[in-house]
Structures are given as C-alpha cells and as structure tokens.
$ cat work28.txt   # compact mmCIF, C-alpha atoms and all ligand atoms
# COMPACT_ATOMS: atom_id res chain seq x y z
CA MET Y 115 0.00 0.00 0.00
CA PHE Y 116 2.72 2.45 0.96
CA LEU Y 117 4.73 1.32 -1.99
CA MET Y 118 1.95 2.29 -4.41
CA LEU Y 119 1.63 5.66 -2.69
CA ASP Y 120 5.38 6.23 -3.13
CA GLU Y 121 5.09 5.20 -6.75
CA ILE Y 122 2.35 7.77 -7.42
CA ARG Y 123 4.24 10.45 -5.51
CA GLY Y 124 7.32 9.67 -7.55
CA LEU Y 125 5.30 9.95 -10.73
CA LEU Y 126 3.85 13.29 -9.64
CA ILE Y 127 7.36 14.68 -9.07
CA LEU Y 128 8.43 13.25 -12.43
CA GLN Y 129 5.40 14.86 -14.07
CA ASP Y 130 6.24 18.20 -12.44
CA ARG Y 131 9.75 18.07 -13.96
CA ASP Y 132 8.35 16.95 -17.31
CA LYS Y 133 5.92 19.86 -17.28
CA ARG Y 134 8.77 22.26 -16.53
CA LEU Y 135 10.79 20.74 -19.38
CA LEU Y 136 7.84 21.18 -21.73
CA THR Y 137 7.38 24.82 -20.72
CA LEU Y 138 11.10 25.44 -21.11
CA ALA Y 139 11.12 23.91 -24.59
CA LYS Y 140 8.17 26.10 -25.60
CA ASP Y 141 9.80 29.23 -24.16
CA LEU Y 142 13.09 28.43 -25.87
CA ALA Y 143 11.30 28.02 -29.19
CA LYS Y 144 9.87 31.54 -28.79
CA LEU Y 145 13.27 33.21 -28.41
CA PRO Y 146 14.08 33.54 -32.14
CA GLN Y 147 10.77 35.38 -32.62
CA GLU Y 148 11.60 37.67 -29.70
CA GLU Y 149 14.98 38.39 -31.28
CA ALA Y 150 13.34 39.17 -34.61
CA ARG Y 151 10.86 41.50 -32.88
CA ALA Y 152 13.71 43.33 -31.14
CA ARG Y 153 15.59 43.74 -34.43
CA ALA Y 154 12.44 44.95 -36.20
CA LYS Y 155 12.48 48.02 -33.93
CA LEU Y 156 15.51 49.20 -35.95
CA ALA Y 157 13.71 49.09 -39.30
CA GLY Y 158 11.77 52.36 -38.85
CA ASP Y 159 14.85 54.31 -37.76
CA GLU Y 160 16.98 52.81 -40.53
CA ALA Y 161 14.36 53.86 -43.10
CA ALA Y 162 14.35 57.40 -41.66
CA VAL Y 163 18.15 57.59 -41.97
CA LYS Y 164 17.98 56.41 -45.57
CA GLN Y 165 15.26 58.91 -46.42
CA ALA Y 166 17.27 61.78 -44.85
CA LYS Y 167 20.41 60.66 -46.72
CA ASP Y 168 18.56 60.51 -50.05
CA ALA Y 169 17.10 64.00 -49.52
CA LEU Y 170 20.56 65.35 -48.63
CA ASN Y 171 22.14 63.74 -51.71
CA GLU Y 172 19.40 65.15 -53.91
CA VAL Y 173 19.89 68.75 -52.78
CA GLU Y 174 23.71 68.42 -52.89
CA LEU Y 175 23.41 67.30 -56.51
CA ARG Y 176 21.20 70.31 -57.17
CA VAL Y 177 23.91 72.63 -55.79
CA LYS Y 178 26.49 71.05 -58.11
CA LYS Y 179 24.19 71.41 -61.09
CA ILE Y 180 23.60 75.13 -60.33
CA GLU Y 181 27.37 75.63 -59.89
CA MET Y 182 28.00 74.07 -63.28
CA ASP Y 183 25.32 76.19 -64.95
CA ALA Y 184 26.83 79.35 -63.43
CA GLU Y 185 30.33 78.32 -64.49
CA THR Y 186 29.22 77.72 -68.08
CA ARG Y 187 27.83 81.25 -68.21
CA ARG Y 188 30.97 82.74 -66.63
CA THR Y 189 33.03 81.07 -69.37
CA THR Y 190 30.66 82.45 -71.99
CA VAL Y 191 30.99 85.94 -70.48
CA LYS Y 192 34.81 85.65 -70.69
CA ARG Y 193 34.63 84.55 -74.31
CA LEU Y 194 32.24 87.37 -75.20
CA ARG Y 195 34.51 89.94 -73.54
CA VAL Y 196 37.43 88.77 -75.67
CA GLN Y 197 35.25 89.02 -78.77
CA GLN Y 198 34.08 92.46 -77.71
CA PHE Y 199 37.67 93.56 -77.14
CA GLU Y 200 38.74 92.34 -80.55
CA THR Y 201 35.87 93.78 -82.60
CA LYS Y 202 36.29 96.93 -84.56
CA LYS Y 203 32.60 97.38 -85.36
CA ASN Y 204 30.57 99.59 -83.07
CA GLU Y 205 27.35 97.73 -83.74
CA GLU Y 206 28.85 94.36 -82.89
CA TYR Y 207 30.51 95.85 -79.81
CA ASN Y 208 27.12 97.01 -78.51
CA ALA Y 209 25.39 93.71 -79.35
CA LEU Y 210 28.08 91.78 -77.48
CA GLY Y 211 27.69 94.20 -74.56
CA HIS Y 212 23.97 93.33 -74.33
CA GLU Y 213 24.73 89.63 -74.41
CA ILE Y 214 27.34 90.01 -71.69
CA THR Y 215 24.84 91.86 -69.48
CA ARG Y 216 22.24 89.16 -70.08
CA TYR Y 217 24.67 86.34 -69.15
CA GLU Y 218 25.96 88.23 -66.10
CA LYS Y 219 22.39 88.64 -64.91
CA GLU Y 220 21.92 84.89 -65.28
CA VAL Y 221 25.13 84.25 -63.31
CA ASP Y 222 23.71 86.46 -60.52
CA GLU Y 223 20.48 84.48 -60.52
CA PHE Y 224 22.33 81.16 -60.39
CA GLU Y 225 24.46 82.42 -57.50
CA THR Y 226 21.33 83.40 -55.57
CA ARG Y 227 19.80 80.01 -56.23
CA GLU Y 228 23.03 78.32 -55.18
CA LEU Y 229 23.02 80.14 -51.83
CA GLN Y 230 19.41 79.08 -51.24
CA ALA Y 231 20.19 75.48 -52.14
CA MET Y 232 23.23 75.51 -49.84
CA GLU Y 233 21.00 76.61 -46.97
CA GLU Y 234 18.75 73.67 -47.81
CA VAL Y 235 21.82 71.40 -47.68
CA ASP Y 236 22.52 72.63 -44.13
CA GLY Y 237 18.93 71.87 -43.13
CA TYR Y 238 19.01 68.38 -44.59
CA ARG Y 239 22.41 67.71 -43.02
CA ILE Y 240 20.95 68.53 -39.58
CA LYS Y 241 17.99 66.23 -40.28
CA PHE Y 242 20.34 63.46 -41.37
CA GLN Y 243 22.44 63.81 -38.20
CA ALA Y 244 19.30 63.75 -36.03
CA ALA Y 245 18.04 60.61 -37.76
CA ASN Y 246 21.44 58.98 -37.20
CA GLU Y 247 21.36 59.89 -33.52
CA ASP Y 248 17.86 58.41 -33.16
CA LEU Y 249 19.06 55.23 -34.84
CA GLY Y 250 22.02 55.08 -32.46
CA LYS Y 251 19.74 55.37 -29.43
CA THR Y 252 17.39 52.69 -30.73
CA ARG Y 253 20.34 50.45 -31.55
CA ALA Y 254 21.57 50.73 -27.96
CA ILE Y 255 18.12 49.66 -26.69
CA VAL Y 256 17.90 46.81 -29.19
CA ASP Y 257 21.42 45.63 -28.30
CA ALA Y 258 20.45 45.57 -24.62
CA ASP Y 259 17.28 43.62 -25.47
CA LEU Y 260 19.24 41.12 -27.54
CA ALA Y 261 21.81 40.69 -24.76
CA ALA Y 262 18.99 40.02 -22.27
CA ILE Y 263 17.46 37.44 -24.61
CA ARG Y 264 20.83 35.71 -25.02
CA GLU Y 265 21.29 35.66 -21.26
CA ARG Y 266 17.84 34.13 -20.80
CA HIS Y 267 18.67 31.58 -23.47
CA THR Y 268 21.80 30.47 -21.60
CA ARG Y 269 19.95 30.33 -18.28
CA MET Y 270 17.09 28.29 -19.75
CA GLU Y 271 19.48 25.83 -21.37
CA GLN Y 272 21.22 25.38 -18.03
CA GLN Y 273 17.86 24.74 -16.34
CA GLN Y 274 16.99 22.29 -19.07
CA LYS Y 275 20.23 20.39 -18.48
CA GLU Y 276 19.62 20.24 -14.73
CA LEU Y 277 16.02 19.09 -15.18
CA HIS Y 278 17.07 16.39 -17.65
CA ALA Y 279 19.63 15.08 -15.16
CA GLU Y 280 17.03 15.13 -12.39
CA ARG Y 281 14.51 13.40 -14.63
CA ASP Y 282 16.97 10.64 -15.49
CA LYS Y 283 17.33 9.91 -11.76
CA LEU Y 284 13.58 10.05 -11.06
CA VAL Y 285 12.79 7.68 -13.91
CA GLN Y 286 15.00 5.02 -12.34
CA SER Y 287 12.65 4.75 -9.35
CA VAL Y 288 9.52 4.33 -11.49
CA SER Y 289 8.61 0.70 -12.08
CA GLU Y 290 9.08 -0.52 -15.62
CA ASP Y 291 5.45 -1.58 -16.08
CA ILE Y 292 4.14 1.92 -15.30
CA LEU Y 293 6.69 4.08 -17.11
CA PRO Y 294 5.49 3.32 -20.68
CA LEU Y 295 1.88 4.10 -19.71
CA TYR Y 296 3.01 7.33 -18.01
CA GLU Y 297 5.07 8.43 -21.01
CA LYS Y 298 2.33 7.57 -23.48
CA LEU Y 299 -0.21 9.59 -21.46
CA LEU Y 300 2.22 12.47 -21.06
CA LYS Y 301 2.39 12.79 -24.83
CA SER Y 302 -1.24 12.17 -25.67
CA LYS Y 303 -2.75 14.14 -22.76
CA ASP Y 304 -0.87 17.41 -23.29
CA GLY Y 305 1.66 16.96 -20.48
CA THR Y 306 -0.74 15.73 -17.82
CA ALA Y 307 -0.47 11.97 -17.36
CA ILE Y 308 -1.54 12.01 -13.74
CA ALA Y 309 -4.65 13.83 -12.58
CA THR Y 310 -6.02 14.07 -9.08
CA LEU Y 311 -9.46 13.08 -7.88
CA ARG Y 312 -11.26 16.08 -6.44
CA GLY Y 313 -14.88 15.91 -5.26
CA GLY Y 314 -15.30 12.67 -7.18
CA LYS Y 315 -14.16 14.34 -10.42
CA CYS Y 316 -11.01 13.71 -12.46
CA THR Y 317 -9.11 17.02 -12.63
CA GLY Y 318 -7.75 15.97 -16.04
CA CYS Y 319 -11.05 15.80 -17.90
CA ASN Y 320 -13.38 17.28 -15.29
CA MET Y 321 -15.71 14.30 -15.45
CA LYS Y 322 -17.17 12.47 -12.47
CA VAL Y 323 -15.67 9.00 -12.16
CA ILE Y 324 -17.71 5.92 -11.31
CA ALA Y 325 -17.82 4.80 -7.65
CA SER Y 326 -15.56 1.77 -8.10
CA THR Y 327 -12.86 3.97 -9.66
CA ALA Y 328 -13.08 6.44 -6.77
CA ILE Y 329 -12.79 3.57 -4.28
CA ALA Y 330 -9.79 2.09 -6.09
CA VAL Y 331 -8.04 5.45 -6.10
CA GLN Y 332 -8.67 5.87 -2.40
CA ALA Y 333 -7.39 2.38 -1.66
CA GLU Y 334 -4.07 3.25 -3.34
CA LYS Y 335 -3.27 -0.39 -3.95
CA GLU Y 336 -2.94 -0.25 -7.68
CA ILE Y 337 -2.56 2.19 -10.53
CA THR Y 338 -6.05 3.40 -11.41
CA GLN Y 339 -6.94 5.26 -14.59
CA CYS Y 340 -9.85 7.59 -15.21
CA GLU Y 341 -12.34 5.58 -17.27
CA ASN Y 342 -13.13 8.70 -19.27
CA CYS Y 343 -9.74 10.19 -20.27
CA GLY Y 344 -7.37 7.37 -19.28
CA ARG Y 345 -5.16 9.50 -17.03
CA ILE Y 346 -3.63 7.90 -13.94
CA LEU Y 347 -5.55 9.08 -10.91
CA ALA Y 348 -4.03 10.19 -7.61
CA MET Y 349 -5.72 11.30 -4.40
CA ASP Y 350 -5.98 15.05 -3.99
CA GLU Y 351 -3.77 15.98 -1.05
ZN ZN Y 401 -10.29 11.91 -16.62
$ encode --input "work28.txt" --output "structure tokens" --more "lines below"
Ligand SMILES: [Zn+2]
Amino acid sequence: MFLMLDEIRGLLILQDRDKRLLTLAKDLAKLPQEEARARAKLAGDEAAVKQAKDALNEVELRVKKIEMDAETRRTTVKRLRVQQFETKKNEEYNALGHEITRYEKEVDEFETRELQAMEEVDGYRIKFQAANEDLGKTRAIVDADLAAIRERHTRMEQQQKELHAERDKLVQSVSEDILPLYEKLLKSKDGTAIATLRGGKCTGCNMKVIASTAIAVQAEKEITQCENCGRILAMDE
C-alpha cells in the first residue's frame, strides 16, 4: 500500500519536472521570434536615416548642377569679352555688350539660387544627423534587449540540463510496467499523465468518475486510470 503511494508520488514529481521541461522547450522556441521582434524596432529608424540621406544627396546634386550652370555662363561671359575687345565694329561691340549683361544677370540668378540650395543642404544635413542619432539610441536599446534574450537563453538551457539530469534519476525509481503508460499519457494528454481526484471528479477531464474507480483510487493499492480520459488518478492531497 505504501509502496503504491510512493510510486504515485514519484510519478507526480516526475510529471512536475516533465511539465517544466515542456514549458522550457516552448519558451526556448519563442526566443528567435523575440529576437526578430527586437531587431524589427531598428527598421523604422533605418528607413528614416535612408530617407534623410537621399534628400541630402538630392539637394547636394542640385547645388552642383547650379554651380556648373553658373560656371558655363561665366566662361561664356569671358569669351564674349574677348570678342568684344577684338571687334572693330561699333554695332557688334554694342550687341556683345547686351549679351554680356544678359549672361551676367543669369550668373547672378544662379548664384542666388546656389546660396538658397546651400541653406537647404545645411537643413538636410541637420535632419540626417538627427536621424542617425535616433538610430544610435534605438540600436543601444535593441542591443540591450538582444543581450537580455541571449542571457535568458543560456539560463534556460542550463535549467533544461539540470532538469534532464534530475529526470533521469527520477525515472529510475519508477517501475518498468508503469513508465510506458506514463510516457504515453504524457504525450497524448498534453503533459498531464496524472490527474487528481477532487470531489469525485477527475481534474484531467473534469468528469465524475464511477464509484468503483473512486474507491480504487482511495485504496491506493494499484494504478487506477480515469475511465473517461485514461489518465492515472491520484488522491488530492
Ligand atoms: Zn479523466
């Protein structure tokens, strides 16, 4: 009688460790998702940096283009001045003078536009720096999150190792004719092979057991299974 009681108690301890192992395995399987979620936090900030960089590049290119346009006209002005200097005809001299004035006016306009565009460059450069700083801050948070996940991973694996070692010892004290039934139930009954009898009901399936089952469980002389779900029944202590 006491032997059977010890057997059931042993099984309950074994089941407790098996449940912990199951939970650990499930939690470990979730870690890659958690890592991915942590990394995803970077995506928004990285996109903002890229956008700021693109805008900066665009306006910098615009400055270069304006510079080139101004330079072309400056060269033209130089050429026209030489022509004007060399001409002997009054009419041509005056016509070239008009052209020179027109091109110089254009150079002035391009220079004004260049200054405006350069101010824009400053603005975009500040935005780009700010976006980079935000990314740096987020990266620090994400790195800390990832480090915490890695630490948890190591701790859980250690726990898993300890529980496996403990389980190996516990299994040795379970009789060979019960162990296969226990392990089969553990798999098929979602980690609960042994249920307790409470108020005449099996806590595994929540069904009332028949009187003879309840009596057998109370007697604790043999392994008794719930006639409804098949789980091994133990007295509720
Ligand atoms: Zn049951």
$ residues_around --input "work28.txt" --residues "Leu119 (chain Y)" --least-positions-apart "4" --cutoff "10 Å" --atoms "all atoms listed in the file" --output "CSV table (one decimal) with C-alpha atoms, in the frame of the given file"
chain,number,residue,atom,x,y,z
Y,115,MET,CA,0.0,0.0,0.0
Y,123,ARG,CA,4.2,10.4,-5.5
Y,124,GLY,CA,7.3,9.7,-7.6
Y,125,LEU,CA,5.3,10.0,-10.7
Y,333,ALA,CA,-7.4,2.4,-1.7
Y,334,GLU,CA,-4.1,3.2,-3.3
Y,335,LYS,CA,-3.3,-0.4,-4.0
Y,336,GLU,CA,-2.9,-0.2,-7.7
Y,337,ILE,CA,-2.6,2.2,-10.5
Y,348,ALA,CA,-4.0,10.2,-7.6
Y,349,MET,CA,-5.7,11.3,-4.4
$ residues_near_ligand --input "work28.txt" --ligand "ligand ZN 401 (chain Y)" --cutoff "12 Å" --atoms "all atoms listed in the file" --output "PyMOL selection string"
chain Y and resi 299+303+306-312+314-324+327-328+338-348
$ atom_distance --input "work28.txt" --atom1 "CA of Arg195 (chain Y)" --atom2 "CA of Gly211 (chain Y)"
8.1 Å
$ residues_around --input "work28.txt" --residues "Leu135 (chain Y)" --least-positions-apart "4" --cutoff "12 Å" --atoms "all atoms listed in the file" --output "number ranges by chain"
Y: 128-131, 139-142, 270-281, 305
$ write_last_selection --input "work28.txt" --atoms "C-alpha atoms" --output "compact mmCIF listing (two decimals), in the coordinates of the input"
# COMPACT_ATOMS: atom_id res chain seq x y z
CA LEU Y 128 8.43 13.25 -12.43
CA GLN Y 129 5.40 14.86 -14.07
CA ASP Y 130 6.24 18.20 -12.44
CA ARG Y 131 9.75 18.07 -13.96
CA ALA Y 139 11.12 23.91 -24.59
CA LYS Y 140 8.17 26.10 -25.60
CA ASP Y 141 9.80 29.23 -24.16
CA LEU Y 142 13.09 28.43 -25.87
CA MET Y 270 17.09 28.29 -19.75
CA GLU Y 271 19.48 25.83 -21.37
CA GLN Y 272 21.22 25.38 -18.03
CA GLN Y 273 17.86 24.74 -16.34
CA GLN Y 274 16.99 22.29 -19.07
CA LYS Y 275 20.23 20.39 -18.48
CA GLU Y 276 19.62 20.24 -14.73
CA LEU Y 277 16.02 19.09 -15.18
CA HIS Y 278 17.07 16.39 -17.65
CA ALA Y 279 19.63 15.08 -15.16
CA GLU Y 280 17.03 15.13 -12.39
CA ARG Y 281 14.51 13.40 -14.63
CA GLY Y 305 1.66 16.96 -20.48
$ atom_distance --input "work28.txt" --atom1 "CA of Ala244 (chain Y)" --atom2 "CA of Leu170 (chain Y)"
12.8 Å
$ closest_residue --input "work28.txt" --among "Y:Asn204, Y:Gln230, Y:Asn246, Y:Thr189" --to "Glu218 (chain Y)" --atoms "only C-alpha atoms"
Y:Thr189
